[in-house]
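Text of the file input_5.txt, holding compact mmCIF, C-alpha atoms:
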# COMPACT_ATOMS: atom_id res chain seq x y z
CA MET A 1 -26.66 11.68 -21.01
CA HIS A 2 -24.93 13.96 -18.52
CA TYR A 3 -22.23 13.37 -15.96
CA LEU A 4 -21.92 15.22 -12.65
CA SER A 5 -19.30 15.04 -9.92
CA ALA A 6 -20.34 14.47 -6.32
CA GLY A 7 -19.06 17.97 -5.65
CA SER A 8 -17.15 19.75 -2.92
CA GLY A 9 -19.90 19.18 -0.37
CA ALA A 10 -19.24 15.46 -0.57
CA LEU A 11 -15.61 15.35 -1.63
CA LYS A 12 -12.51 16.91 -0.12
CA ALA A 13 -9.47 16.81 -2.39
CA VAL A 14 -5.86 17.51 -1.44
CA GLU A 15 -3.14 17.62 -4.07
CA LEU A 16 -0.10 15.74 -2.71
CA ASP A 17 2.20 15.62 -5.74
CA THR A 18 1.28 13.78 -8.93
CA LEU A 19 -1.18 12.00 -6.66
CA THR A 20 -4.31 13.60 -5.26
CA ALA A 21 -6.04 12.28 -2.15
CA ILE A 22 -9.83 12.56 -2.14
CA TYR A 23 -11.93 11.99 0.96
CA ASP A 24 -15.58 11.04 0.35
CA ARG A 25 -17.59 12.34 3.30
CA ARG A 26 -20.55 10.11 2.41
CA SER A 27 -18.70 6.81 2.59
CA GLY A 28 -15.64 7.71 4.65
CA GLN A 29 -13.46 6.25 1.93
CA THR A 30 -10.21 7.79 0.79
CA HIS A 31 -9.23 7.59 -2.86
CA VAL A 32 -5.75 8.30 -4.21
CA VAL A 33 -5.96 9.31 -7.86
CA VAL A 34 -3.78 10.65 -10.66
CA SER A 35 -4.42 13.02 -13.54
CA PRO A 36 -6.82 13.32 -15.30
CA VAL A 37 -9.19 12.31 -12.48
CA PRO A 38 -8.87 15.59 -10.54
CA GLU A 39 -9.37 17.51 -13.74
CA ILE A 40 -12.42 15.41 -14.64
CA LEU A 41 -13.98 15.97 -11.21
CA GLU A 42 -13.30 19.70 -11.47
CA ALA A 43 -14.89 19.88 -14.92
CA LEU A 44 -17.91 17.89 -13.74
CA LEU A 45 -18.82 20.32 -10.98
CA PHE A 46 -21.42 21.20 -13.60
CA PRO A 47 -23.40 18.55 -15.54
CA ARG A 48 -21.74 17.83 -18.86
CA THR A 49 -22.14 15.44 -21.71
CA LEU A 50 -19.19 13.35 -22.79
CA GLY A 51 -18.50 15.83 -25.57
CA GLY A 52 -18.80 18.73 -23.20
CA LEU A 53 -16.36 17.11 -20.82
CA ILE A 54 -13.84 16.50 -23.57
CA ALA A 55 -14.09 20.15 -24.58
CA ALA A 56 -13.67 21.28 -20.96
CA LEU A 57 -10.55 19.14 -20.65
CA GLY A 58 -9.15 20.61 -23.86
CA ALA A 59 -8.72 17.18 -25.41
CA ASP A 60 -9.23 16.07 -29.00
CA ASP A 61 -12.79 14.79 -29.54
CA ASP A 62 -12.04 11.53 -31.35
CA ASP A 63 -12.98 7.88 -30.94
CA ALA A 64 -9.89 7.04 -28.88
CA THR A 65 -10.50 9.87 -26.42
CA ARG A 66 -14.17 8.99 -26.10
CA ALA A 67 -13.34 5.32 -25.43
CA ILE A 68 -10.74 6.12 -22.78
CA LEU A 69 -12.86 8.74 -21.08
CA THR A 70 -15.95 6.50 -21.10
CA GLU A 71 -13.90 3.86 -19.29
CA ARG A 72 -12.60 6.37 -16.70
CA LEU A 73 -16.09 7.72 -16.13
CA LYS A 74 -17.42 4.21 -15.51
CA GLU A 75 -14.67 3.64 -12.94
CA LEU A 76 -15.50 6.90 -11.21
CA ARG A 77 -19.18 6.00 -11.15
CA ASP A 78 -18.36 2.60 -9.67
CA ILE A 79 -16.55 4.21 -6.74
CA GLY A 80 -19.24 6.83 -6.31
CA LEU A 81 -17.34 9.96 -7.27
CA ILE A 82 -19.62 10.87 -10.17
CA ASP A 83 -23.21 10.25 -11.20
CA ARG A 84 -24.81 9.86 -14.60
CA SER A 85 -28.27 11.08 -15.59
CA MET B 1 -9.13 -9.13 39.51
CA ARG B 2 -6.76 -10.30 42.18
CA HIS B 3 -3.83 -8.08 41.24
CA ARG B 4 -3.83 -4.61 39.71
CA PHE B 5 -1.46 -2.07 38.18
CA ASP B 6 -2.39 1.49 37.17
CA VAL B 7 -0.10 3.66 35.06
CA ARG B 8 -0.30 6.83 33.01
CA ILE B 9 1.85 7.09 29.89
CA GLY B 10 1.60 10.43 28.15
CA PRO B 11 -2.09 11.24 27.59
CA VAL B 12 -3.19 7.60 28.04
CA SER B 13 -3.86 5.78 31.30
CA PHE B 14 -4.19 2.05 31.79
CA ARG B 15 -5.42 -0.31 34.45
CA ILE B 16 -3.99 -3.80 34.10
CA GLY B 17 -5.70 -6.51 36.12
CA SER B 18 -4.19 -9.95 36.47
CA ASP B 19 -5.01 -13.37 37.91
CA TRP B 20 -1.30 -13.64 38.83
CA ARG B 21 1.08 -11.43 40.80
CA ALA B 22 4.09 -12.03 38.55
CA PRO B 23 3.10 -9.90 35.52
CA ILE B 24 2.08 -7.05 37.83
CA ALA B 25 5.43 -7.20 39.61
CA ALA B 26 7.18 -7.07 36.24
CA LEU B 27 5.12 -4.04 35.21
CA GLU B 28 5.85 -2.26 38.49
CA ALA B 29 9.57 -2.73 37.93
CA LEU B 30 9.54 -1.83 34.22
CA TYR B 31 7.40 1.29 34.70
CA SER B 32 9.16 2.48 37.81
CA GLY B 33 8.94 6.29 38.02
CA TYR B 34 5.84 6.61 35.83
CA PRO B 35 2.75 8.43 37.17
CA ARG B 36 0.35 6.06 38.88
CA ASP B 37 -2.48 8.59 39.37
CA CYS B 38 -5.37 7.02 37.45
CA MET B 39 -8.71 7.59 39.12
CA VAL B 40 -10.57 6.48 35.99
CA PRO B 41 -8.26 4.81 33.48
CA ASP B 42 -8.74 5.28 29.75
CA TYR B 43 -8.29 1.58 29.08
CA THR B 44 -8.43 -1.67 30.98
CA VAL B 45 -6.35 -4.74 30.22
CA ARG B 46 -7.13 -8.10 31.81
CA LEU B 47 -4.66 -10.95 32.05
CA GLU B 48 -6.90 -13.94 32.69
CA ALA B 49 -6.49 -17.67 33.05
CA THR B 50 -7.91 -19.44 29.98
CA ARG B 51 -9.63 -21.90 32.31
CA PRO B 52 -9.98 -21.67 36.12
CA TRP B 53 -7.45 -24.45 36.72
CA ARG B 54 -5.00 -22.81 34.35
CA ARG B 55 -4.35 -20.28 37.06
CA TRP B 56 -2.17 -22.90 38.72
CA ILE B 57 -1.59 -25.72 36.18
CA ARG B 58 0.37 -24.92 32.97
CA SER B 59 -0.66 -21.32 33.50
CA SER B 60 -1.82 -19.71 30.28
CA VAL B 61 -2.62 -16.00 29.93
CA LYS B 62 -5.58 -14.83 27.87
CA ILE B 63 -5.42 -11.14 26.96
CA GLY B 64 -8.70 -9.35 27.63
CA GLY B 65 -9.77 -5.77 28.04
CA ASP B 66 -12.10 -3.06 26.79
CA HIS B 67 -11.08 -4.09 23.28
CA MET B 68 -10.26 -7.68 22.43
CA LEU B 69 -9.32 -9.94 19.56
CA PRO B 70 -11.15 -13.25 20.13
CA GLU B 71 -8.72 -15.13 17.91
CA ALA B 72 -5.63 -14.00 19.84
CA LEU B 73 -3.69 -16.98 21.17
CA PRO B 74 -2.93 -17.09 24.91
CA LEU B 75 0.66 -16.79 26.12
CA PRO B 76 2.48 -18.79 28.80
CA LEU B 77 2.66 -17.10 32.20
CA ALA B 78 6.41 -16.66 31.79
CA GLN B 79 5.51 -14.14 29.05
CA GLY B 80 2.92 -12.37 31.19
CA LEU B 81 4.72 -9.03 30.81
CA LEU B 82 4.56 -9.42 27.03
CA ALA B 83 0.85 -10.21 27.32
CA ALA B 84 0.34 -6.99 29.27
CA GLU B 85 2.25 -4.96 26.68
CA MET B 86 0.29 -6.56 23.85
CA GLY B 87 -2.92 -5.83 25.72
CA MET B 88 -1.99 -2.15 26.10
CA ASN B 89 -1.13 -1.97 22.40
CA LEU B 90 -4.48 -3.50 21.52
CA GLN B 91 -6.49 -1.06 23.61
CA VAL B 92 -4.86 1.95 22.01
CA ALA B 93 -4.88 0.50 18.49
CA LEU B 94 -8.58 -0.33 18.59
CA GLY B 95 -9.91 2.32 20.94
CA GLU B 96 -8.04 5.57 20.48
CA ARG B 97 -10.02 8.39 18.86
CA ARG B 98 -8.43 11.55 20.28
CA PHE B 99 -5.29 11.21 18.20
CA LEU B 100 -4.40 9.86 14.77
CA LEU B 101 -2.22 6.83 15.43
CA LEU B 102 0.77 6.06 13.28
CA HIS B 103 2.71 2.84 13.71
CA ALA B 104 6.01 4.61 14.20
CA ALA B 105 8.69 5.61 16.63
CA SER B 106 9.53 9.21 17.35
CA VAL B 107 12.21 11.27 19.04
CA GLU B 108 12.52 14.99 19.65
CA ARG B 109 15.27 17.60 19.65
CA ASP B 110 14.79 21.35 20.26
CA GLY B 111 11.02 20.97 20.25
CA ARG B 112 10.95 19.32 16.83
CA ALA B 113 10.15 15.67 16.27
CA LEU B 114 11.52 13.03 13.97
CA ILE B 115 9.07 10.29 12.95
CA LEU B 116 10.55 6.85 12.17
CA THR B 117 8.09 4.63 10.40
CA GLY B 118 8.22 1.35 8.52
CA GLU B 119 7.35 -2.31 8.61
CA SER B 120 7.94 -4.46 11.68
CA GLY B 121 11.57 -5.47 11.82
CA SER B 122 12.82 -2.43 9.93
CA GLY B 123 14.74 -1.22 12.98
CA LYS B 124 12.75 1.80 14.11
CA SER B 125 12.53 0.73 17.77
CA THR B 126 16.25 0.06 17.94
CA LEU B 127 17.07 3.32 16.20
CA SER B 128 14.79 5.30 18.52
CA ALA B 129 16.42 3.69 21.57
CA LEU B 130 19.89 4.53 20.29
CA LEU B 131 18.88 8.09 19.44
CA MET B 132 17.57 8.43 22.98
CA GLY B 133 21.01 7.41 24.19
CA ALA B 134 22.53 10.01 21.89
CA GLY B 135 20.66 12.88 23.52
CA TRP B 136 17.28 12.91 21.76
CA ARG B 137 14.10 12.91 23.85
CA PHE B 138 12.28 9.63 23.33
CA LEU B 139 8.59 10.11 22.51
CA GLY B 140 7.55 6.54 21.74
CA ASP B 141 8.40 3.46 19.69
CA GLU B 142 5.06 1.78 18.97
CA PHE B 143 2.62 4.59 18.26
CA VAL B 144 2.96 8.21 17.25
CA LEU B 145 0.01 10.22 18.60
CA LEU B 146 -0.82 13.03 16.17
CA ASP B 147 -3.26 15.67 17.41
CA PRO B 148 -5.69 16.29 14.50
CA GLU B 149 -6.47 19.81 15.72
CA THR B 150 -2.99 21.15 16.50
CA GLY B 151 -0.76 18.87 14.41
CA ALA B 152 1.45 18.27 17.44
CA LEU B 153 2.88 14.90 18.44
CA HIS B 154 2.04 13.81 21.97
CA PRO B 155 4.60 11.60 23.69
CA PHE B 156 3.59 8.04 24.45
CA PRO B 157 6.82 6.68 25.98
CA ARG B 158 5.93 3.05 26.62
CA ALA B 159 8.67 0.56 27.36
CA ILE B 160 10.63 -0.07 24.18
CA SER B 161 10.21 -3.55 22.77
CA LEU B 162 13.60 -4.78 21.55
CA LYS B 163 13.84 -8.03 19.65
CA ASN B 164 16.56 -10.57 18.98
CA GLU B 165 19.87 -8.89 17.90
CA SER B 166 18.61 -5.46 18.92
CA ILE B 167 18.73 -6.43 22.58
CA ALA B 168 22.51 -6.73 22.58
CA ALA B 169 22.94 -3.75 20.26
CA VAL B 170 21.11 -1.44 22.66
CA GLY B 171 22.28 -3.25 25.78
CA ALA B 172 25.85 -2.27 25.02
CA HIS B 173 24.86 1.36 25.63
CA VAL B 174 22.27 1.14 28.42
CA ALA B 175 22.42 0.14 32.08
CA ASP B 176 20.93 -3.27 32.75
CA ASN B 177 18.62 -2.01 35.48
CA ARG B 178 16.40 -0.32 32.87
CA PHE B 179 15.67 -3.60 31.18
CA GLY B 180 12.80 -5.97 31.86
CA PRO B 181 13.24 -9.73 31.88
CA LEU B 182 14.54 -11.61 28.84
CA LEU B 183 11.56 -13.32 27.22
CA THR B 184 12.43 -16.22 24.95
CA ASP B 185 10.36 -18.28 22.51
CA THR B 186 7.77 -15.56 22.03
CA PRO B 187 5.81 -15.30 18.75
CA LYS B 188 8.37 -12.68 17.66
CA GLY B 189 11.47 -14.43 18.93
CA THR B 190 13.41 -13.15 21.93
CA ILE B 191 12.15 -9.90 23.42
CA ARG B 192 13.40 -7.61 26.14
CA HIS B 193 11.70 -4.36 27.15
CA LEU B 194 13.65 -1.21 27.92
CA ARG B 195 12.36 1.54 30.17
CA PRO B 196 12.81 4.97 28.55
CA ASP B 197 15.18 7.34 30.30
CA VAL B 198 14.32 9.79 33.05
CA ARG B 199 13.87 12.69 30.64
CA ALA B 200 11.33 10.84 28.50
CA ILE B 201 9.28 10.08 31.60
CA ALA B 202 9.59 13.53 33.14
CA ASP B 203 8.55 15.32 29.93
CA MET B 204 5.82 12.92 28.80
CA ALA B 205 3.24 15.73 28.89
CA VAL B 206 5.26 18.01 26.59
CA PRO B 207 4.22 17.74 22.93
CA ALA B 208 6.51 18.38 19.97
CA ALA B 209 6.06 19.73 16.46
CA PRO B 210 6.74 17.09 13.78
CA ALA B 211 9.59 18.11 11.50
CA MET B 212 10.74 15.13 9.43
CA ILE B 213 9.61 11.64 8.45
CA LEU B 214 12.10 8.84 7.93
CA PHE B 215 11.52 5.34 6.56
CA PRO B 216 14.53 3.48 8.00
CA ARG B 217 15.62 0.02 6.89
CA TYR B 218 18.35 -1.82 8.77
CA GLY B 219 20.86 -4.19 7.23
CA LEU B 220 21.12 -2.78 3.71
CA PRO B 221 23.81 -0.80 1.86
CA GLU B 222 23.66 2.85 2.70
CA SER B 223 21.27 4.93 0.62
CA VAL B 224 18.95 7.92 0.92
CA ARG B 225 15.88 8.50 -1.24
CA GLU B 226 13.32 11.27 -1.14
CA VAL B 227 9.80 9.99 -0.53
CA LEU B 228 7.12 12.15 -2.10
CA PRO B 229 3.98 13.16 -0.19
CA GLY B 230 1.74 10.77 -2.15
CA GLU B 231 3.79 7.72 -1.28
CA THR B 232 4.21 8.93 2.30
CA PHE B 233 0.46 9.39 2.60
CA VAL B 234 -0.36 5.90 1.34
CA ARG B 235 2.29 4.24 3.52
CA LEU B 236 1.16 6.11 6.63
CA THR B 237 -2.51 5.22 6.12
CA GLN B 238 -1.41 1.60 5.97
CA ALA B 239 0.57 2.17 9.16
CA SER B 240 -2.42 3.60 11.04
CA THR B 241 -4.90 1.52 13.00
CA ASN B 242 -7.47 4.29 13.37
CA TYR B 243 -7.18 6.42 10.21
CA THR B 244 -10.53 5.15 8.89
CA ALA B 245 -12.27 5.55 12.24
CA LEU B 246 -11.23 9.19 12.54
CA GLY B 247 -12.90 10.05 9.24
CA GLU B 248 -12.28 13.53 7.83
CA ARG B 249 -10.27 14.53 10.94
CA GLY B 250 -7.77 11.82 10.15
CA PHE B 251 -7.70 12.69 6.44
CA GLY B 252 -7.04 16.34 7.22
CA ALA B 253 -4.38 15.59 9.83
CA LEU B 254 -2.50 13.19 7.61
CA THR B 255 -2.62 15.27 4.42
CA ARG B 256 -1.38 18.30 6.36
CA LEU B 257 1.44 16.21 7.85
CA VAL B 258 2.71 14.74 4.59
CA THR B 259 2.49 18.00 2.63
CA ALA B 260 4.32 19.96 5.33
CA LEU B 261 7.15 17.59 6.19
CA PRO B 262 10.10 16.27 4.21
CA ALA B 263 10.23 12.47 4.04
CA LEU B 264 13.22 10.27 3.27
CA ALA B 265 13.84 6.55 3.00
CA ILE B 266 17.19 5.66 4.54
CA ASP B 267 18.89 2.29 4.32
CA TYR B 268 21.87 1.55 6.55
CA PRO B 269 24.10 -1.46 7.21
CA ASP B 270 24.62 -0.88 10.94
CA THR B 271 23.52 1.31 13.82
CA ASP B 272 26.58 3.58 13.79
CA SER B 273 25.96 4.60 10.20
CA ALA B 274 22.26 5.09 11.01
CA LEU B 275 23.06 7.51 13.83
CA ASP B 276 25.51 9.42 11.61
CA ARG B 277 22.98 9.60 8.79
CA VAL B 278 20.18 10.87 11.06
CA ALA B 279 22.46 13.51 12.56
CA ALA B 280 23.52 14.71 9.11
CA LEU B 281 19.95 14.86 7.80
CA TRP B 282 18.77 16.74 10.87
CA ARG B 283 21.57 19.29 10.56
CA SER B 284 20.75 19.84 6.90
CA GLN B 285 17.19 20.96 7.56
Go ahead and render the structure in this file as C-alpha cells.
Amino acid sequence: MHYLSAGSGALKAVELDTLTAIYDRRSGQTHVVVSPVPEILEALLFPRTLGGLIAALGADDDDATRAILTERLKELRDIGLIDRS
Amino acid sequence: MRHRFDVRIGPVSFRIGSDWRAPIAALEALYSGYPRDCMVPDYTVRLEATRPWRRWIRSSVKIGGDHMLPEALPLPLAQGLLAAEMGMNLQVALGERRFLLLHAASVERDGRALILTGESGSGKSTLSALLMGAGWRFLGDEFVLLDPETGALHPFPRAISLKNESIAAVGAHVADNRFGPLLTDTPKGTIRHLRPDVRAIADMAVPAAPAMILFPRYGLPESVREVLPGETFVRLTQASTNYTALGERGFGALTRLVTALPALAIDYPDTDSALDRVAALWRSQ
C-alpha cells in the first residue's frame, strides 16, 4: 500500500508561523494545518509506504508511530490531500 | 422605481431605487458631495413596499437588489435610510469579485493604511471615525477592499454607521450637519450615520498600502498582544464575505497580507486611550 500527496499542481501551501495554510485548487477549500502535516505532504510528493514515510520523516519506526501516522494519513485522505493505492 | 439615487463611492457605484421619496432625500443629504456620475451602476438596490398598499399604510420597506436575502425582514419606512445602507452592504458583500473584502475599518496616514478588524460591536467604526477627526484619512468602516493583484487597499468611504453610545462619543467631536437622522429601535439599537470628511471624499480614488492590522476591543483594561499570522489569517477569512468566491486569488492576497504585516490585538477602556495607543503603535513602526 502506497500513499501519495495531491502534489503542488493541486495544492498551494504557505507557511504562516506554526500554522501552514494550504489551498486545494480542486475543491477551492483552504486547510490550516500544523506540523507534521506539511512535512508529511512534502515527503509524499513521491509514493511511499507507511514505513517509507516514517523513514523520510526521520521518526522511530515503532507501533506507536505507525498508529499515530495511520490516523493522520486517514484524516488527510478524508479531506482529499493524499491518496492511497 | 418612482424615486432614484445614484452615487459612486470609491470604485463602487450604486443605484438606489425607492417607492418613497423620503429615503432618497436622506441619501442625498447624507452623501452630499459624493460623485453622482453613474452611467451604468455596479449594483442596484431597491427599496420596495412589501405589498402595494404598504406604500401608504404602515409603510414597510423590503430590501431588494441584484443580490438579495429572501429571509431578510422588512424595516419600517422611518428606517428607510438604514434599509438603503443595508442594501448597499448586501450588494457588495454578495457580489464583489474585483477585491477581497474584509469586514474591517481602515484609515490612512502618509500613504500607509491601518486595518481595524474585529467582531461587530468591538468599536472599529467608532475608532475609525475618531482617527479621522485626529487627522487620518478615512478609507472605510464596513469593508476593506484589498486588490488581489497589487495588494493595495482601495477606499470605500461609505457613511459611518455609529451605534448607541458611539453616537455621542463621536458627536462630541464632529459638526452635527455631517450626521444623518437618529434612527431608534432598529435591529441593532439606535443608529446614526456620519458622512466622512471632505478629504475622505475628495481622495476616494487614491489607494493606500496596508501597513498594520489591529484587532481593537473597546471597554476592557488596556492591553496589547501580538497576533501571529496564522491566527490573523483564520480571523480574516472569517471576516470576509467573498474569500471563498475569489478562490486562489483570495488565498494569495490574504496570505501575502498576513505574512507581510504586523498584527496586534489592543484592548482599551475608553476612546482617549485608544487614540493614544494607536498613535504610539504607529510611531513605533
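If you measure from each of B:Arg277, B:Arg58, B:Arg235, B:Arg178 to chain A using all atoms listed in the file, the closest one turns out to be B:Arg235.
Atom CA of Pro196 of chain B sits 20.7 Å away from atom CA of Pro216 of chain B.
Using all atoms listed in the file, the set of residues no farther than 12 Å from the position (-15.3, -2.4, 28.8) comprises Arg15, Pro41, Asp42, Tyr43, Thr44, Val45, Arg46, Gly64, Gly65, Asp66, His67, Met68, Gln91 and Gly95 of chain B.
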Where does chain A meet chain B within 9 Å, residue by residue, with the nearest atom pair and distance in Å to one decimal for each, counting only C-alpha atoms, listed by chain and rising number, as a Markdown table?
| residue | atom | partner | partner_atom | distance |
| --- | --- | --- | --- | --- |
| A:Lys12 | CA | B:Glu248 | CA | 8.6 |
| A:Val14 | CA | B:Thr255 | CA | 7.1 |
| A:Glu15 | CA | B:Gly230 | CA | 8.6 |
| A:Leu16 | CA | B:Gly230 | CA | 5.3 |
| A:Asp17 | CA | B:Gly230 | CA | 6.1 |
| A:Thr18 | CA | B:Gly230 | CA | 7.4 |
| A:Leu19 | CA | B:Gly230 | CA | 5.5 |
| A:Thr20 | CA | B:Gly230 | CA | 7.4 |
| A:Ala21 | CA | B:Gly230 | CA | 7.9 |
| A:Ile22 | CA | B:Phe251 | CA | 8.8 |
| A:Tyr23 | CA | B:Phe251 | CA | 7.0 |
| A:Asp24 | CA | B:Glu248 | CA | 8.5 |
| A:Arg25 | CA | B:Glu248 | CA | 7.1 |
| A:Gly28 | CA | B:Gly247 | CA | 5.8 |
| A:Gln29 | CA | B:Thr244 | CA | 7.6 |
| A:Thr30 | CA | B:Phe251 | CA | 7.9 |
| A:Val32 | CA | B:Val234 | CA | 8.1 |
Best match for closeness to Gly80 of chain B among B:Val144, B:Leu127, B:Leu27, B:Leu100, counting only C-alpha atoms: B:Leu27
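Taking atom CA of Leu236 of chain B and atom CA of Leu102 of chain B as endpoints, the distance between them is 6.7 Å.
The space between atom CA of Glu96 of chain B and atom CA of Phe143 of chain B spans 10.9 Å.
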All residues 9 Å or closer to Gly7 of chain A, all atoms listed in the file, same chain fewer than 5 positions away omitted, as a PyMOL selection string: chain A and resi 12+41-42+44-46+81-82
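Shortest separation to Leu257 of chain B among B:Pro157, B:Pro187, B:Gly33, B:Pro210 occurs at residue B:Pro210, atoms counted being all atoms listed in the file.
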Complete the atoms of segment 217-226 of chain B to all heavy atoms and put them out as a short mmCIF file (atom, residue, chain, number, x, y, z; two decimals), keeping the file's coordinate frame.
data_model
loop_
_atom_site.label_atom_id
_atom_site.label_comp_id
_atom_site.auth_asym_id
_atom_site.auth_seq_id
_atom_site.Cartn_x
_atom_site.Cartn_y
_atom_site.Cartn_z
N ARG B 217 15.52 1.47 7.11
CA ARG B 217 15.62 0.02 6.89
C ARG B 217 17.03 -0.42 7.27
O ARG B 217 18.02 0.05 6.72
CB ARG B 217 15.34 -0.35 5.43
CG ARG B 217 13.90 -0.18 5.02
CD ARG B 217 13.58 -0.90 3.71
NE ARG B 217 14.49 -0.50 2.63
CZ ARG B 217 14.47 -1.04 1.41
NH1 ARG B 217 13.60 -2.00 1.13
NH2 ARG B 217 15.29 -0.63 0.49
N TYR B 218 17.08 -1.34 8.23
CA TYR B 218 18.35 -1.82 8.77
C TYR B 218 18.90 -2.97 7.94
O TYR B 218 18.15 -3.79 7.41
CB TYR B 218 18.13 -2.27 10.22
CG TYR B 218 19.29 -3.02 10.82
CD1 TYR B 218 20.42 -2.33 11.25
CD2 TYR B 218 19.26 -4.40 10.93
CE1 TYR B 218 21.49 -3.01 11.81
CE2 TYR B 218 20.32 -5.09 11.49
CZ TYR B 218 21.43 -4.39 11.92
OH TYR B 218 22.49 -5.07 12.47
N GLY B 219 20.23 -3.02 7.83
CA GLY B 219 20.86 -4.19 7.23
C GLY B 219 21.00 -4.13 5.72
O GLY B 219 21.13 -5.18 5.07
N LEU B 220 20.98 -2.94 5.16
CA LEU B 220 21.12 -2.78 3.71
C LEU B 220 22.23 -1.77 3.42
O LEU B 220 22.57 -0.96 4.27
CB LEU B 220 19.80 -2.28 3.11
CG LEU B 220 18.62 -3.25 3.18
CD1 LEU B 220 17.32 -2.54 2.82
CD2 LEU B 220 18.86 -4.44 2.26
N PRO B 221 22.79 -1.80 2.20
CA PRO B 221 23.81 -0.80 1.86
C PRO B 221 23.24 0.60 2.02
O PRO B 221 22.06 0.84 1.75
CB PRO B 221 24.13 -1.12 0.40
CG PRO B 221 23.74 -2.54 0.22
CD PRO B 221 22.57 -2.78 1.13
N GLU B 222 24.12 1.51 2.39
CA GLU B 222 23.66 2.85 2.70
C GLU B 222 23.04 3.54 1.49
O GLU B 222 23.62 3.54 0.40
CB GLU B 222 24.85 3.68 3.21
CG GLU B 222 24.49 4.51 4.40
CD GLU B 222 25.65 5.22 5.05
OE1 GLU B 222 26.73 4.59 5.17
OE2 GLU B 222 25.48 6.39 5.41
N SER B 223 21.88 4.14 1.68
CA SER B 223 21.27 4.93 0.62
C SER B 223 20.24 5.87 1.23
O SER B 223 19.70 5.60 2.31
CB SER B 223 20.61 4.03 -0.43
OG SER B 223 19.39 3.51 0.05
N VAL B 224 19.96 6.95 0.52
CA VAL B 224 18.95 7.92 0.92
C VAL B 224 18.10 8.23 -0.30
O VAL B 224 18.62 8.47 -1.38
CB VAL B 224 19.57 9.23 1.43
CG1 VAL B 224 18.46 10.20 1.86
CG2 VAL B 224 20.50 8.96 2.59
N ARG B 225 16.79 8.22 -0.13
CA ARG B 225 15.88 8.50 -1.24
C ARG B 225 14.77 9.41 -0.73
O ARG B 225 14.18 9.15 0.33
CB ARG B 225 15.29 7.19 -1.76
CG ARG B 225 14.19 7.34 -2.79
CD ARG B 225 13.68 5.98 -3.26
NE ARG B 225 12.90 5.26 -2.28
CZ ARG B 225 11.58 5.41 -2.05
NH1 ARG B 225 10.90 6.33 -2.74
NH2 ARG B 225 10.95 4.68 -1.15
N GLU B 226 14.46 10.43 -1.50
CA GLU B 226 13.32 11.27 -1.14
C GLU B 226 12.03 10.47 -1.34
O GLU B 226 11.89 9.73 -2.32
CB GLU B 226 13.27 12.53 -2.02
CG GLU B 226 12.11 13.46 -1.67
CD GLU B 226 11.94 14.59 -2.67
OE1 GLU B 226 12.62 14.57 -3.72
OE2 GLU B 226 11.14 15.51 -2.40
#
